[in-house]
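Let me begin by presenting the structure, written as structure tokens, before commenting on it.
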Amino acid sequence: MAVAPLSQKEIEDRLAELPGWSLDADRLTRSYRLASHFAATALVIHVAQVQEELNHHSELTLGYTTVSLAVNTHSVGGAVTELDFELARRVEELAPGHGAH
């Protein structure tokens, strides 16, 4: 997986394919609302599993019924890379199964 920083245009193009995700300063961000604390916790556990598979760990915050992510690549100075988008895509695949919106 490429770990070179993406250009602003590349980031914008990839964000167009991920509704709900946005660029906040130098990080991809997304928050999900879930029906219960248990559902939110289950999503966090599954996101953590994906992070381990990719060896790419983001800021992951659990609220009562919310889960938030802030993703960038520390090894390239905190820039956004293709690896960040791969994590975002994988989370997007998981989230509906937990009732996240």
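Ordered as shown in the structure tokens, chains take letters A, B, and onward, while each chain numbers its residues from 1 and ligands are numbered from 1 in the order shown.
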
### Message
Need the shell around segment 27-43 of chain A: protein/DNA/RNA residues with any atom at most 10 Å away, counting only C-alpha atoms. Skip same-chain ones fewer than 2 positions apart. Format as JSON, numbers by chain?
### Response
{"A": [11, 15, 18, 19, 20, 21, 22, 23, 24, 25, 45, 46, 47, 48, 49, 58, 59, 60, 61, 62, 63, 64, 65, 66, 67, 68, 69, 70, 71, 72, 73, 78, 79, 80, 81, 84, 85, 88, 91, 92, 94, 95, 96, 97, 98, 99, 100, 101]}

### Task
From the DSSP assignment of the backbone, select every residue of chain A that is strand (DSSP E), and format the answer as number ranges by chain.
A: 22-24, 27-33, 59-62, 66-71

Output N, CA and C atoms for every residue in the selection just made, as a PDB file, in the first residue's frame.
```
ATOM      1  N   SER A  22     -14.856  13.543   5.702  1.00  0.00           N
ATOM      2  CA  SER A  22     -14.396  14.865   5.293  1.00  0.00           C
ATOM      3  C   SER A  22     -12.939  15.049   5.693  1.00  0.00           C
ATOM      4  N   LEU A  23     -12.350  16.095   5.166  1.00  0.00           N
ATOM      5  CA  LEU A  23     -10.978  16.447   5.500  1.00  0.00           C
ATOM      6  C   LEU A  23     -11.040  17.560   6.531  1.00  0.00           C
ATOM      7  N   ASP A  24     -10.462  17.311   7.692  1.00  0.00           N
ATOM      8  CA  ASP A  24     -10.404  18.304   8.769  1.00  0.00           C
ATOM      9  C   ASP A  24      -8.927  18.558   9.040  1.00  0.00           C
ATOM     10  N   ARG A  27      -6.485  15.520   8.462  1.00  0.00           N
ATOM     11  CA  ARG A  27      -7.012  14.203   8.823  1.00  0.00           C
ATOM     12  C   ARG A  27      -8.344  13.947   8.134  1.00  0.00           C
ATOM     13  N   LEU A  28      -8.578  12.691   7.781  1.00  0.00           N
ATOM     14  CA  LEU A  28      -9.903  12.274   7.336  1.00  0.00           C
ATOM     15  C   LEU A  28     -10.724  12.031   8.590  1.00  0.00           C
ATOM     16  N   THR A  29     -11.950  12.523   8.614  1.00  0.00           N
ATOM     17  CA  THR A  29     -12.774  12.355   9.805  1.00  0.00           C
ATOM     18  C   THR A  29     -14.163  11.850   9.446  1.00  0.00           C
ATOM     19  N   ARG A  30     -14.750  11.136  10.405  1.00  0.00           N
ATOM     20  CA  ARG A  30     -16.110  10.621  10.228  1.00  0.00           C
ATOM     21  C   ARG A  30     -16.636  10.249  11.602  1.00  0.00           C
ATOM     22  N   SER A  31     -17.895  10.556  11.849  1.00  0.00           N
ATOM     23  CA  SER A  31     -18.580  10.132  13.068  1.00  0.00           C
ATOM     24  C   SER A  31     -19.796   9.324  12.681  1.00  0.00           C
ATOM     25  N   TYR A  32     -20.072   8.321  13.469  1.00  0.00           N
ATOM     26  CA  TYR A  32     -21.231   7.452  13.274  1.00  0.00           C
ATOM     27  C   TYR A  32     -22.106   7.515  14.512  1.00  0.00           C
ATOM     28  N   ARG A  33     -23.409   7.464  14.295  1.00  0.00           N
ATOM     29  CA  ARG A  33     -24.361   7.361  15.397  1.00  0.00           C
ATOM     30  C   ARG A  33     -24.927   5.947  15.353  1.00  0.00           C
ATOM     31  N   GLU A  59      -7.012   7.622  15.315  1.00  0.00           N
ATOM     32  CA  GLU A  59      -7.698   8.091  16.511  1.00  0.00           C
ATOM     33  C   GLU A  59      -9.122   7.548  16.435  1.00  0.00           C
ATOM     34  N   LEU A  60      -9.529   6.811  17.427  1.00  0.00           N
ATOM     35  CA  LEU A  60     -10.821   6.129  17.446  1.00  0.00           C
ATOM     36  C   LEU A  60     -11.468   6.459  18.781  1.00  0.00           C
ATOM     37  N   THR A  61     -12.622   7.134  18.738  1.00  0.00           N
ATOM     38  CA  THR A  61     -13.269   7.620  19.953  1.00  0.00           C
ATOM     39  C   THR A  61     -14.640   7.001  20.110  1.00  0.00           C
ATOM     40  N   LEU A  62     -14.876   6.445  21.274  1.00  0.00           N
ATOM     41  CA  LEU A  62     -16.162   5.853  21.619  1.00  0.00           C
ATOM     42  C   LEU A  62     -16.911   6.797  22.533  1.00  0.00           C
ATOM     43  N   THR A  66     -21.962   6.949  19.941  1.00  0.00           N
ATOM     44  CA  THR A  66     -21.239   7.471  18.787  1.00  0.00           C
ATOM     45  C   THR A  66     -19.847   6.852  18.703  1.00  0.00           C
ATOM     46  N   VAL A  67     -19.355   6.791  17.486  1.00  0.00           N
ATOM     47  CA  VAL A  67     -17.981   6.378  17.215  1.00  0.00           C
ATOM     48  C   VAL A  67     -17.420   7.395  16.233  1.00  0.00           C
ATOM     49  N   SER A  68     -16.251   7.927  16.542  1.00  0.00           N
ATOM     50  CA  SER A  68     -15.609   8.904  15.668  1.00  0.00           C
ATOM     51  C   SER A  68     -14.195   8.454  15.333  1.00  0.00           C
ATOM     52  N   LEU A  69     -13.801   8.753  14.110  1.00  0.00           N
ATOM     53  CA  LEU A  69     -12.446   8.441  13.658  1.00  0.00           C
ATOM     54  C   LEU A  69     -11.795   9.701  13.108  1.00  0.00           C
ATOM     55  N   ALA A  70     -10.497   9.803  13.332  1.00  0.00           N
ATOM     56  CA  ALA A  70      -9.658  10.831  12.720  1.00  0.00           C
ATOM     57  C   ALA A  70      -8.431  10.086  12.210  1.00  0.00           C
ATOM     58  N   VAL A  71      -8.223  10.126  10.904  1.00  0.00           N
ATOM     59  CA  VAL A  71      -7.248   9.242  10.262  1.00  0.00           C
ATOM     60  C   VAL A  71      -6.220  10.047   9.469  1.00  0.00           C
TER      61      VAL A  71
END
```

### Task
Could you pull out the residues in chain A that DSSP calls alpha helix (DSSP H) from the backbone, as a VMD selection string?
chain A and resid 8 to 15 37 to 54 82 to 94

Give me a file of those residues, with C-alpha atoms, as a PDB file, in the first residue's frame.
```pdb
ATOM      1  CA  GLN A   8      -5.287  17.975  -2.374  1.00  0.00           C
ATOM      2  CA  LYS A   9      -6.915  16.966  -5.689  1.00  0.00           C
ATOM      3  CA  GLU A  10      -6.335  13.260  -5.010  1.00  0.00           C
ATOM      4  CA  ILE A  11      -7.858  13.644  -1.552  1.00  0.00           C
ATOM      5  CA  GLU A  12     -10.910  15.473  -2.922  1.00  0.00           C
ATOM      6  CA  ASP A  13     -11.419  12.838  -5.633  1.00  0.00           C
ATOM      7  CA  ARG A  14     -11.268   9.987  -3.119  1.00  0.00           C
ATOM      8  CA  LEU A  15     -13.526  11.789  -0.622  1.00  0.00           C
ATOM      9  CA  HIS A  37     -23.731   1.868  23.610  1.00  0.00           C
ATOM     10  CA  PHE A  38     -23.316  -1.860  22.998  1.00  0.00           C
ATOM     11  CA  ALA A  39     -23.604  -1.358  19.208  1.00  0.00           C
ATOM     12  CA  ALA A  40     -21.081   1.495  19.333  1.00  0.00           C
ATOM     13  CA  THR A  41     -18.671  -0.632  21.353  1.00  0.00           C
ATOM     14  CA  ALA A  42     -19.028  -3.534  18.914  1.00  0.00           C
ATOM     15  CA  LEU A  43     -18.202  -1.215  15.999  1.00  0.00           C
ATOM     16  CA  VAL A  44     -15.102   0.045  17.818  1.00  0.00           C
ATOM     17  CA  ILE A  45     -13.915  -3.535  18.305  1.00  0.00           C
ATOM     18  CA  HIS A  46     -14.386  -4.308  14.612  1.00  0.00           C
ATOM     19  CA  VAL A  47     -12.631  -1.101  13.560  1.00  0.00           C
ATOM     20  CA  ALA A  48      -9.732  -2.024  15.854  1.00  0.00           C
ATOM     21  CA  GLN A  49      -9.508  -5.405  14.119  1.00  0.00           C
ATOM     22  CA  VAL A  50      -9.278  -3.703  10.720  1.00  0.00           C
ATOM     23  CA  GLN A  51      -6.627  -1.342  12.058  1.00  0.00           C
ATOM     24  CA  GLU A  52      -4.591  -4.338  13.190  1.00  0.00           C
ATOM     25  CA  GLU A  53      -4.985  -6.055   9.804  1.00  0.00           C
ATOM     26  CA  LEU A  54      -3.749  -2.931   8.028  1.00  0.00           C
ATOM     27  CA  GLU A  82      -3.923   5.943   0.282  1.00  0.00           C
ATOM     28  CA  LEU A  83      -3.630   3.840   3.438  1.00  0.00           C
ATOM     29  CA  ASP A  84      -5.983   6.260   5.211  1.00  0.00           C
ATOM     30  CA  PHE A  85      -8.537   5.830   2.454  1.00  0.00           C
ATOM     31  CA  GLU A  86      -8.215   2.061   2.614  1.00  0.00           C
ATOM     32  CA  LEU A  87      -9.014   2.190   6.330  1.00  0.00           C
ATOM     33  CA  ALA A  88     -11.951   4.529   5.676  1.00  0.00           C
ATOM     34  CA  ARG A  89     -13.338   2.233   2.958  1.00  0.00           C
ATOM     35  CA  ARG A  90     -13.050  -0.797   5.222  1.00  0.00           C
ATOM     36  CA  VAL A  91     -14.838   1.025   8.055  1.00  0.00           C
ATOM     37  CA  GLU A  92     -17.591   2.053   5.647  1.00  0.00           C
ATOM     38  CA  GLU A  93     -18.108  -1.610   4.793  1.00  0.00           C
ATOM     39  CA  LEU A  94     -18.397  -2.543   8.488  1.00  0.00           C
TER      40      LEU A  94
END
```
